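Text of the file data17.txt, holding compact mmCIF, C-alpha atoms:
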```txt
# COMPACT_ATOMS: atom_id res chain seq x y z
CA MET B 1 0.00 0.00 0.00
CA ALA B 2 2.60 2.49 -1.08
CA ASP B 3 0.15 5.28 -1.93
CA VAL B 4 -3.49 6.19 -1.74
CA LEU B 5 -4.57 5.35 -5.26
CA LYS B 6 -2.51 2.21 -5.63
CA SER B 7 -3.63 0.77 -2.30
CA LEU B 8 -7.09 -0.27 -3.43
CA ASN B 9 -7.18 0.64 -7.15
CA LEU B 10 -10.47 2.48 -6.69
CA LEU B 11 -9.94 5.68 -8.65
CA GLU B 12 -11.05 4.54 -12.08
CA SER B 13 -14.14 2.69 -10.88
CA LEU B 14 -15.13 5.63 -8.68
CA LYS B 15 -14.70 8.11 -11.54
CA GLU B 16 -16.94 5.94 -13.69
CA SER B 17 -19.56 5.68 -10.92
CA ILE B 18 -19.57 9.45 -10.42
CA GLU B 19 -19.86 10.03 -14.16
CA LYS B 20 -22.92 7.79 -14.25
CA ASN B 21 -24.20 9.30 -10.98
CA ASN B 22 -24.21 5.74 -9.61
CA ILE B 23 -24.06 6.59 -5.92
CA SER B 24 -24.98 3.06 -4.85
CA ASP B 25 -21.69 1.69 -6.28
CA ILE B 26 -19.71 4.30 -4.38
CA LYS B 27 -21.58 3.50 -1.17
CA ASP B 28 -20.84 -0.20 -1.72
CA ALA B 29 -17.13 0.57 -2.13
CA VAL B 30 -17.08 2.50 1.15
CA GLU B 31 -18.95 -0.31 2.94
CA ASP B 32 -16.60 -2.95 1.57
CA MET B 33 -13.63 -1.02 2.88
CA LEU B 34 -15.22 -0.40 6.29
CA ILE B 35 -16.60 -3.92 6.79
CA SER B 36 -14.64 -6.80 5.32
CA ARG B 37 -14.13 -10.14 7.03
CA ILE B 38 -10.75 -11.76 7.48
CA ASN B 39 -10.16 -15.22 8.95
CA VAL B 40 -6.62 -16.31 9.79
CA ALA B 41 -5.74 -19.80 11.03
CA VAL B 42 -2.75 -20.38 13.31
CA VAL B 43 -1.52 -23.98 13.31
CA GLY B 44 0.88 -25.49 15.81
CA GLU B 45 1.51 -26.76 19.30
CA ARG B 46 -0.59 -24.99 21.93
CA GLY B 47 2.29 -23.72 24.04
CA PRO B 48 2.93 -20.30 25.60
CA GLU B 49 4.51 -18.96 22.39
CA LYS B 50 1.44 -19.70 20.27
CA ALA B 51 -0.98 -18.31 22.88
CA THR B 52 1.08 -15.12 23.13
CA PHE B 53 1.24 -14.81 19.34
CA ILE B 54 -2.55 -15.14 19.01
CA ASN B 55 -2.99 -12.52 21.71
CA SER B 56 -0.47 -10.11 20.18
CA LEU B 57 -2.21 -10.28 16.81
CA ARG B 58 -5.30 -8.94 18.59
CA GLY B 59 -3.47 -6.42 20.76
CA LEU B 60 -4.11 -8.42 23.94
CA GLY B 61 -1.97 -9.42 26.91
CA VAL B 62 -2.17 -12.55 29.06
CA GLY B 63 -4.51 -11.04 31.66
CA ASP B 64 -6.87 -9.36 29.22
CA GLU B 65 -10.43 -10.53 28.74
CA GLY B 66 -10.70 -12.95 25.82
CA ALA B 67 -6.98 -13.71 25.76
CA ALA B 68 -5.77 -17.14 24.66
CA LEU B 69 -4.60 -19.20 27.63
CA CYS B 70 -1.76 -21.64 28.20
CA PRO B 71 -2.54 -24.39 28.82
CA SER B 72 -5.34 -24.04 26.31
CA ALA B 73 -8.94 -24.15 27.48
CA SER B 74 -9.74 -26.29 24.41
CA ALA B 75 -9.25 -30.03 24.08
CA PRO B 76 -6.16 -31.04 22.04
CA GLU B 77 -8.23 -32.02 18.98
CA GLU B 78 -10.67 -29.11 19.21
CA LEU B 79 -10.74 -26.03 17.02
CA ALA B 80 -10.71 -22.77 19.00
CA VAL B 81 -11.75 -19.36 17.69
CA PHE B 82 -10.59 -16.01 19.04
CA PRO B 83 -12.53 -12.95 17.85
CA HIS B 84 -10.91 -9.54 17.92
CA PRO B 85 -12.28 -7.38 20.77
CA LYS B 86 -12.38 -4.26 18.58
CA HIS B 87 -12.77 -5.67 15.07
CA PRO B 88 -15.60 -8.25 15.01
CA ASP B 89 -14.90 -9.08 11.37
CA PHE B 90 -11.37 -10.31 12.19
CA ARG B 91 -11.12 -13.80 13.66
CA LEU B 92 -8.14 -15.95 14.56
CA TRP B 93 -8.62 -19.70 14.50
CA ASP B 94 -6.41 -21.84 16.71
CA LEU B 95 -5.86 -25.15 14.89
CA PRO B 96 -4.38 -28.15 16.71
CA LEU B 97 -0.84 -29.39 16.36
CA ILE B 98 -0.08 -31.38 13.22
CA SER B 99 1.07 -34.70 14.65
CA SER B 100 4.37 -36.29 13.67
CA ASN B 101 2.69 -39.72 13.82
CA PRO B 102 3.46 -41.77 10.66
CA SER B 103 -0.24 -42.63 10.33
CA PHE B 104 -1.23 -38.95 10.12
CA ASP B 105 -3.54 -38.19 7.17
CA PRO B 106 -3.09 -34.65 5.75
CA GLU B 107 -6.29 -34.84 3.69
CA ASN B 108 -8.29 -35.71 6.80
CA TYR B 109 -6.72 -32.77 8.70
CA ILE B 110 -7.59 -30.38 5.87
CA ASP B 111 -11.18 -31.64 5.69
CA ARG B 112 -11.75 -31.82 9.44
CA TYR B 113 -10.53 -28.30 10.13
CA LYS B 114 -11.79 -26.81 6.84
CA ILE B 115 -8.44 -25.33 5.89
CA LEU B 116 -9.73 -23.87 2.63
CA ARG B 117 -12.19 -21.52 4.34
CA TYR B 118 -9.45 -19.40 5.91
CA ASN B 119 -8.04 -16.38 4.13
CA ALA B 120 -4.54 -17.28 5.36
CA MET B 121 -2.88 -19.93 7.47
CA ILE B 122 0.26 -19.48 9.57
CA MET B 123 2.01 -22.75 10.41
CA THR B 124 3.95 -22.20 13.63
CA PHE B 125 6.68 -24.11 15.43
CA THR B 126 9.33 -23.38 18.05
CA GLN B 127 12.03 -25.78 16.82
CA SER B 128 11.46 -27.06 13.29
CA PRO B 129 8.48 -28.08 11.12
CA ASN B 130 7.77 -31.80 10.80
CA SER B 131 7.12 -33.90 7.69
CA ASN B 132 3.37 -34.01 8.26
CA MET B 133 3.22 -30.22 8.43
CA VAL B 134 4.86 -30.13 5.03
CA SER B 135 2.36 -32.72 3.78
CA VAL B 136 -0.54 -30.50 4.86
CA TRP B 137 1.15 -27.51 3.21
CA ARG B 138 1.66 -29.46 -0.02
CA GLU B 139 -1.89 -30.86 -0.06
CA ALA B 140 -3.40 -27.42 0.57
CA ARG B 141 -1.29 -25.94 -2.22
CA SER B 142 -2.56 -28.64 -4.57
CA LEU B 143 -6.08 -27.40 -3.77
CA GLN B 144 -5.11 -23.85 -4.88
CA LYS B 145 -4.56 -22.60 -1.35
CA ASP B 146 -1.52 -20.34 -1.68
CA THR B 147 -1.71 -18.21 1.46
CA LEU B 148 0.20 -20.56 3.78
CA TYR B 149 3.25 -19.47 5.74
CA PHE B 150 5.87 -20.96 8.07
CA ALA B 151 6.60 -18.99 11.25
CA LEU B 152 9.30 -19.81 13.79
CA LEU B 153 8.05 -18.57 17.16
CA ALA B 154 10.86 -17.39 19.42
CA SER B 155 10.83 -18.56 23.03
CA GLU B 156 12.05 -16.56 26.02
CA LYS B 157 15.26 -18.62 26.06
CA ASP B 158 16.10 -17.99 22.42
CA THR B 159 19.00 -15.77 21.47
CA GLU B 160 19.83 -14.23 18.12
CA LYS B 161 22.30 -17.06 17.56
CA THR B 162 19.88 -19.89 18.44
CA LEU B 163 17.11 -18.38 16.32
CA GLU B 164 19.41 -18.09 13.33
CA ALA B 165 20.41 -21.73 13.77
CA LYS B 166 16.79 -22.83 14.04
CA LYS B 167 15.83 -20.85 10.95
CA LYS B 168 18.67 -22.38 8.94
CA ALA B 169 17.79 -25.89 10.12
CA SER B 170 14.11 -25.31 9.24
CA LEU B 171 14.96 -24.06 5.76
CA ASP B 172 17.28 -27.01 5.17
CA PHE B 173 14.56 -29.41 6.33
CA LEU B 174 11.92 -27.84 4.06
CA LYS B 175 14.28 -28.04 1.08
CA ALA B 176 14.96 -31.70 1.86
CA GLU B 177 11.19 -32.26 1.93
CA GLY B 178 10.90 -30.86 -1.58
CA VAL B 179 9.65 -27.36 -0.80
CA SER B 180 10.96 -25.08 -3.53
CA GLN B 181 12.43 -21.77 -2.29
CA PRO B 182 11.03 -22.12 1.25
CA LYS B 183 10.60 -19.13 3.54
CA VAL B 184 10.61 -19.22 7.32
CA TYR B 185 9.81 -16.09 9.33
CA PRO B 186 11.16 -15.84 12.90
CA VAL B 187 8.56 -14.03 15.02
CA CYS B 188 8.73 -12.64 18.54
CA PRO B 189 5.26 -13.53 19.91
CA SER B 190 5.18 -10.81 22.56
CA ALA B 191 6.65 -7.99 20.42
CA LEU B 192 5.62 -8.14 16.77
CA GLU B 193 7.84 -5.19 15.88
CA LYS B 194 10.90 -7.39 16.44
CA LEU B 195 12.36 -10.06 14.15
CA GLU B 196 10.53 -10.75 10.86
CA PHE B 197 6.80 -10.43 11.44
CA LEU B 198 6.71 -7.26 9.32
CA LYS B 199 8.23 -9.23 6.43
CA LEU B 200 5.61 -11.94 6.88
CA LEU B 201 2.85 -9.30 6.93
CA GLU B 202 4.18 -7.73 3.74
CA VAL B 203 4.12 -11.10 1.95
CA MET B 204 0.61 -11.85 3.23
CA GLN B 205 -0.66 -8.48 2.03
CA GLY B 206 0.76 -9.17 -1.41
CA ASP B 207 -0.83 -12.62 -1.60
CA LEU B 208 -4.29 -11.79 -0.27
CA PRO B 209 -7.04 -10.14 -2.34
CA GLU B 210 -6.74 -6.39 -1.79
CA ILE B 211 -9.92 -6.02 0.25
CA ARG B 212 -8.78 -8.85 2.59
CA ALA B 213 -5.29 -7.39 2.89
CA HIS B 214 -6.94 -4.09 3.78
CA ALA B 215 -9.07 -5.79 6.47
CA LEU B 216 -6.06 -7.57 7.96
CA LEU B 217 -3.99 -4.39 8.11
CA LEU B 218 -6.72 -2.36 9.80
CA ALA B 219 -7.39 -5.06 12.42
CA LEU B 220 -3.78 -5.55 13.51
CA PRO B 221 -2.43 -3.49 16.43
CA THR B 222 -0.17 -0.52 15.68
CA PHE B 223 3.07 -2.15 16.76
CA SER B 224 5.44 -0.17 14.51
CA SER B 225 5.70 3.10 12.61
CA THR B 226 5.57 1.10 9.36
CA VAL B 227 2.14 -0.25 10.26
CA VAL B 228 0.94 3.23 11.27
CA SER B 229 2.10 4.58 7.90
CA GLN B 230 0.33 1.79 6.00
CA LYS B 231 -2.87 2.33 7.94
CA LYS B 232 -2.70 6.06 7.23
CA GLU B 233 -2.50 5.43 3.49
CA ALA B 234 -5.32 2.87 3.67
CA PHE B 235 -7.59 5.37 5.41
CA LYS B 236 -6.69 8.03 2.87
CA ALA B 237 -7.84 5.63 0.15
CA LEU B 238 -11.05 5.25 2.12
CA GLY B 239 -11.22 9.05 2.32
CA TRP B 240 -10.99 9.20 -1.47
CA ALA B 241 -13.99 6.86 -1.72
CA ALA B 242 -15.91 8.97 0.82
CA ALA B 243 -15.07 12.15 -1.08
CA SER B 244 -16.36 10.53 -4.26
CA LEU B 245 -19.57 9.69 -2.42
CA SER B 246 -19.78 13.30 -1.25
CA ALA B 247 -19.36 14.54 -4.81
CA GLY B 248 -22.11 12.23 -6.04
CA VAL B 249 -24.56 13.20 -3.31
CA SER B 250 -23.88 16.92 -3.73
CA ALA B 251 -25.25 16.62 -7.25
CA ILE B 252 -28.68 15.69 -5.84
CA PRO B 253 -30.83 18.83 -5.53
CA VAL B 254 -32.14 18.10 -2.00
CA PRO B 255 -31.30 20.67 0.71
CA LEU B 256 -28.90 19.54 3.49
CA VAL B 257 -28.50 16.01 2.08
CA ALA B 258 -24.84 16.49 1.15
CA SER B 259 -23.79 17.97 4.49
CA MET B 260 -25.62 15.25 6.44
CA VAL B 261 -24.03 12.47 4.38
CA ASP B 262 -20.56 14.07 4.61
CA ALA B 263 -20.63 14.29 8.41
CA SER B 264 -22.13 10.82 8.85
CA VAL B 265 -19.64 9.08 6.53
CA ALA B 266 -16.69 11.01 7.94
CA VAL B 267 -17.66 10.02 11.49
CA ARG B 268 -17.76 6.34 10.48
CA ILE B 269 -14.37 6.48 8.78
CA LEU B 270 -12.68 8.38 11.61
CA THR B 271 -14.23 6.11 14.25
CA LYS B 272 -12.76 3.15 12.39
CA ALA B 273 -9.43 5.00 12.16
CA GLN B 274 -9.35 5.75 15.89
CA VAL B 275 -9.86 2.08 16.76
CA SER B 276 -7.51 0.80 14.04
CA LEU B 277 -4.74 3.17 15.13
CA CYS B 278 -5.31 2.01 18.75
CA LEU B 279 -5.97 5.56 19.96
CA ASP B 280 -9.10 4.91 22.03
CA ASP B 281 -8.70 4.89 25.82
CA GLU B 282 -9.08 1.13 26.19
CA SER B 283 -6.43 0.35 23.58
CA VAL B 284 -3.97 2.90 24.99
CA GLU B 285 -4.46 1.60 28.54
CA ARG B 286 -3.99 -1.98 27.39
CA LEU B 287 -0.80 -1.11 25.52
CA ALA B 288 0.55 0.77 28.52
CA ARG B 289 -0.13 -2.22 30.75
CA GLN B 290 1.61 -4.61 28.35
CA ARG B 291 4.69 -2.41 28.02
CA GLY B 292 4.96 -1.40 31.67
CA ILE B 293 4.25 2.28 31.04
CA GLN B 294 1.95 4.63 32.92
CA PRO B 295 -1.26 5.04 30.85
CA LYS B 296 -1.25 8.77 31.50
CA ARG B 297 2.09 9.11 29.73
CA LEU B 298 0.72 7.56 26.53
CA LYS B 299 -2.62 9.35 26.70
CA GLU B 300 -0.92 12.72 26.94
CA LEU B 301 0.68 12.08 23.55
CA ARG B 302 -2.75 12.39 21.89
CA THR B 303 -2.91 16.02 20.81
CA CYS B 304 -5.64 15.65 18.18
CA LEU B 305 -9.18 15.85 19.60
CA LEU B 306 -10.31 13.05 17.29
CA SER B 307 -7.66 10.73 18.71
CA VAL B 308 -9.38 11.02 22.09
CA GLU B 309 -13.00 11.09 20.99
CA ILE B 310 -14.81 11.06 17.66
CA SER B 311 -17.49 13.72 17.95
CA LYS B 312 -19.81 14.85 15.20
CA SER B 313 -19.25 18.48 16.21
CA GLU B 314 -15.48 18.21 15.68
CA VAL B 315 -16.00 16.47 12.33
CA LYS B 316 -18.40 19.21 11.20
CA ARG B 317 -15.90 21.83 12.36
CA ARG B 318 -13.18 20.25 10.22
CA LEU B 319 -15.52 20.10 7.22
CA SER B 320 -16.30 23.78 7.74
CA VAL B 321 -12.60 24.69 7.96
CA ALA B 322 -11.88 22.67 4.81
CA GLU B 323 -14.71 24.50 3.03
CA LYS B 324 -13.13 27.85 3.86
CA ASP B 325 -9.54 26.82 3.25
CA THR B 326 -9.90 24.97 -0.04
CA SER B 327 -7.89 26.99 -2.53
CA THR B 328 -8.68 27.58 -6.16
CA ALA B 329 -5.44 25.86 -7.14
CA THR B 330 -6.39 22.74 -5.20
CA THR B 331 -9.82 22.73 -6.78
CA LYS B 332 -8.30 22.98 -10.25
CA LEU B 333 -6.03 20.01 -9.56
CA VAL B 334 -8.97 17.92 -8.37
CA GLU B 335 -11.01 18.87 -11.42
CA LEU B 336 -8.32 17.32 -13.60
CA ALA B 337 -8.75 14.02 -11.75
CA MET B 338 -12.55 14.08 -11.93
CA PRO B 339 -14.72 12.89 -14.84
CA ARG B 340 -15.78 15.72 -17.17
CA HIS B 341 -19.47 15.45 -16.28
CA ALA B 342 -18.72 15.49 -12.56
CA ARG B 343 -16.58 18.61 -12.39
CA SER B 344 -19.46 20.72 -11.13
CA VAL B 345 -19.24 18.82 -7.83
CA SER B 346 -15.45 18.80 -7.59
CA ARG B 347 -15.48 21.34 -4.75
CA SER B 348 -17.53 19.00 -2.58
CA PHE B 349 -15.03 16.24 -3.37
CA THR B 350 -12.09 18.49 -2.41
CA VAL B 351 -13.62 19.63 0.87
CA MET B 352 -14.42 16.10 2.02
CA LEU B 353 -11.03 14.75 0.96
CA GLN B 354 -9.15 17.58 2.66
CA ALA B 355 -11.13 17.25 5.90
CA ILE B 356 -10.60 13.49 6.15
CA ASN B 357 -6.95 13.59 5.08
CA SER B 358 -6.05 16.28 7.60
CA ALA B 359 -7.77 14.32 10.38
CA ILE B 360 -6.03 11.09 9.39
CA ASP B 361 -2.67 12.90 9.29
CA ASP B 362 -3.19 14.29 12.81
CA MET B 363 -4.42 10.99 14.26
CA SER B 364 -1.59 9.03 12.63
CA ALA B 365 0.95 11.47 14.09
CA ASP B 366 -0.47 10.73 17.55
CA ALA B 367 -0.31 6.99 16.89
CA ASP B 368 3.32 7.31 15.78
CA LYS B 369 4.24 9.07 19.02
CA ILE B 370 2.55 6.41 21.14
CA VAL B 371 4.22 3.56 19.23
CA ALA B 372 7.62 5.21 19.53
CA VAL B 373 7.33 5.48 23.31
CA ALA B 374 5.74 2.03 23.77
CA THR B 375 8.41 0.23 21.73
CA GLY B 376 11.30 2.19 23.21
CA VAL B 377 12.19 3.98 19.98
CA SER B 378 11.62 7.31 21.74
CA GLN B 379 12.92 7.41 25.29
```

Output the file's structure in the form of structure tokens.
Amino acid sequence: MADVLKSLNLLESLKESIEKNNISDIKDAVEDMLISRINVAVVGERGPEKATFINSLRGLGVGDEGAALCPSASAPEELAVFPHPKHPDFRLWDLPLISSNPSFDPENYIDRYKILRYNAMIMTFTQSPNSNMVSVWREARSLQKDTLYFALLASEKDTEKTLEAKKKASLDFLKAEGVSQPKVYPVCPSALEKLEFLKLLEVMQGDLPEIRAHALLLALPTFSSTVVSQKKEAFKALGWAAASLSAGVSAIPVPLVASMVDASVAVRILTKAQVSLCLDDESVERLARQRGIQPKRLKELRTCLLSVEISKSEVKRRLSVAEKDTSTATTKLVELAMPRHARSVSRSFTVMLQAINSAIDDMSADADKIVAVATGVSQ
């Protein structure tokens, strides 16, 4: 998601929808970006590393409500599901260990646990994958399931040297098992910003359909400045869609409709942004608890009002400021990007885009400050 337009490839379809005054298509695009389900399976032994990893992916610590436990509360052969406390459309599925028993049947495992229904599957281990894990990987690939990944979960006793040795041994084993150009990603379960989880995330985003990659990104906690930056660009793409909706609605000759839609849509987007950037009180307090920092210290880093609370009055104020500040030069630039028949509503597009973008910039700056302090980048 290097830039706004590339991130979801929406510009051309939105321009066409505006040209045809097809507001329903634009609304559908906004809804798809705001509400999109993502299901990720995590396979492997149910030890402390896996439980911590599942919790970290949801921004939770051991003592938090809904956290995965070790030992697991589920029977060894049972499937366990862990919904995200803030993103109900993101679910993590805890799949049982793939046995090293010679009688293990990979097809039965795939059928029993419905491997193909997950958007992605992360196959975890703390030492090395086994032959049966590779058999499941190979069988799933034969069924056109490409979003499968090997992750080496670091334990508390691991050092840089032991992890490197484990990674090398795992890669050698996978090659010996016939896996062409295998990749193994060492992951620190309790601190996703360390080791190679960001590399794994980047590969997953490239493999998943764009709308699913978008959903995954927005649901993950803001554990690094890279993730904050990606989320900022994703929300600016969403802002572009909302601005397109604003432009379409402003063409309808009904008093107050445009302003009502603008404020309502902007509130939804910025509410999603606040939660996704982990700026709400609950998320900040949870992060502070996990990192051993006073919550007050992190909360004081939020200087944007929308980082603290999404209020309709503040959103309307920003729309009003954008209306006054939008320059003729900016309007001309936007007109060049708009369809010919929609240029009469380009000002509405510009105002909405500027209001949302400025808010996302301010909120992302707050998120960056909190991440820097929480991860020790800024002392």

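CA of Thr222 in chain B sits 23.6 Å away from CA of Val265 in chain B.
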
Next item on the list: Select, from B:Ser264, B:Val228, B:Val42, B:Ser180, the residue with the minimum atom-to-atom distance to Ala151 in chain B, counting all atoms listed in the file.
Entry: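 Checking each candidate against Ala151 in chain B, we get B:Val42 as the closest.
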
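Here CA of Ser320 in chain B stands at a distance of 17.7 Å from CA of Arg268 in chain B.
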
Margin query: Give me the residues near range 285-289 of chain B as a VMD selection string, where near means some atom within 9 Å (using only C-alpha atoms) and where sequence neighbours in that chain fewer than 4 positions away do not count.
Written below: chain B and resid 59 to 61 64 278 280 to 281 293 to 299 374

Next item on the list: Find the residues near Leu270 in chain B: any atom within 12 Å, counting only C-alpha atoms, skip ones fewer than 3 places away on the same chain, and give them as an MDAnalysis selection string.
Entry: chainID B and resid 34 232 235:236 238:239 242 262:267 273:277 279:280 305:312 314:315 318 355:364

For the residues in that selection, give me C-alpha atoms as a PDB file, keeping the file's coordinate frame.
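What landed in part.pdb:
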```
ATOM      1  CA  LEU B  34     -15.220  -0.400   6.290  1.00  0.00           C
ATOM      2  CA  LYS B 232      -2.700   6.060   7.230  1.00  0.00           C
ATOM      3  CA  PHE B 235      -7.590   5.370   5.410  1.00  0.00           C
ATOM      4  CA  LYS B 236      -6.690   8.030   2.870  1.00  0.00           C
ATOM      5  CA  LEU B 238     -11.050   5.250   2.120  1.00  0.00           C
ATOM      6  CA  GLY B 239     -11.220   9.050   2.320  1.00  0.00           C
ATOM      7  CA  ALA B 242     -15.910   8.970   0.820  1.00  0.00           C
ATOM      8  CA  ASP B 262     -20.560  14.070   4.610  1.00  0.00           C
ATOM      9  CA  ALA B 263     -20.630  14.290   8.410  1.00  0.00           C
ATOM     10  CA  SER B 264     -22.130  10.820   8.850  1.00  0.00           C
ATOM     11  CA  VAL B 265     -19.640   9.080   6.530  1.00  0.00           C
ATOM     12  CA  ALA B 266     -16.690  11.010   7.940  1.00  0.00           C
ATOM     13  CA  VAL B 267     -17.660  10.020  11.490  1.00  0.00           C
ATOM     14  CA  ALA B 273      -9.430   5.000  12.160  1.00  0.00           C
ATOM     15  CA  GLN B 274      -9.350   5.750  15.890  1.00  0.00           C
ATOM     16  CA  VAL B 275      -9.860   2.080  16.760  1.00  0.00           C
ATOM     17  CA  SER B 276      -7.510   0.800  14.040  1.00  0.00           C
ATOM     18  CA  LEU B 277      -4.740   3.170  15.130  1.00  0.00           C
ATOM     19  CA  LEU B 279      -5.970   5.560  19.960  1.00  0.00           C
ATOM     20  CA  ASP B 280      -9.100   4.910  22.030  1.00  0.00           C
ATOM     21  CA  LEU B 305      -9.180  15.850  19.600  1.00  0.00           C
ATOM     22  CA  LEU B 306     -10.310  13.050  17.290  1.00  0.00           C
ATOM     23  CA  SER B 307      -7.660  10.730  18.710  1.00  0.00           C
ATOM     24  CA  VAL B 308      -9.380  11.020  22.090  1.00  0.00           C
ATOM     25  CA  GLU B 309     -13.000  11.090  20.990  1.00  0.00           C
ATOM     26  CA  ILE B 310     -14.810  11.060  17.660  1.00  0.00           C
ATOM     27  CA  SER B 311     -17.490  13.720  17.950  1.00  0.00           C
ATOM     28  CA  LYS B 312     -19.810  14.850  15.200  1.00  0.00           C
ATOM     29  CA  GLU B 314     -15.480  18.210  15.680  1.00  0.00           C
ATOM     30  CA  VAL B 315     -16.000  16.470  12.330  1.00  0.00           C
ATOM     31  CA  ARG B 318     -13.180  20.250  10.220  1.00  0.00           C
ATOM     32  CA  ALA B 355     -11.130  17.250   5.900  1.00  0.00           C
ATOM     33  CA  ILE B 356     -10.600  13.490   6.150  1.00  0.00           C
ATOM     34  CA  ASN B 357      -6.950  13.590   5.080  1.00  0.00           C
ATOM     35  CA  SER B 358      -6.050  16.280   7.600  1.00  0.00           C
ATOM     36  CA  ALA B 359      -7.770  14.320  10.380  1.00  0.00           C
ATOM     37  CA  ILE B 360      -6.030  11.090   9.390  1.00  0.00           C
ATOM     38  CA  ASP B 361      -2.670  12.900   9.290  1.00  0.00           C
ATOM     39  CA  ASP B 362      -3.190  14.290  12.810  1.00  0.00           C
ATOM     40  CA  MET B 363      -4.420  10.990  14.260  1.00  0.00           C
ATOM     41  CA  SER B 364      -1.590   9.030  12.630  1.00  0.00           C
TER      42      SER B 364
END
```

Notebook entry, point to check: Quick one: of B:Ala165, B:Val187, B:Ile110, B:Leu216, who's nearest to Trp137 in chain B, counting all atoms listed in the file?
Noted result: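 Of the candidates, the smallest distance to Trp137 in chain B is held by B:Ile110.
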
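Residue nearest Phe125 in chain B, chosen from B:Leu92, B:Ala213, B:Val184, B:Leu218 and counting all atoms listed in the file: B:Val184.
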
Checklist line | Interatomic distance, CA of Pro129 in chain B to CA of Asn55 in chain B (Å, one decimal) | finding: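 Taking CA of Pro129 in chain B as the start and CA of Asn55 in chain B as the end point, the length is 22.0 Å.
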
Margin query: Quick one: residues within 10 Å of Ala67 in chain B, all atoms listed in the file, excluding same-chain residues fewer than 3 positions away - as a VMD selection string?
Written below: chain B and resid 51 to 52 54 to 56 58 to 64 70 82 to 85
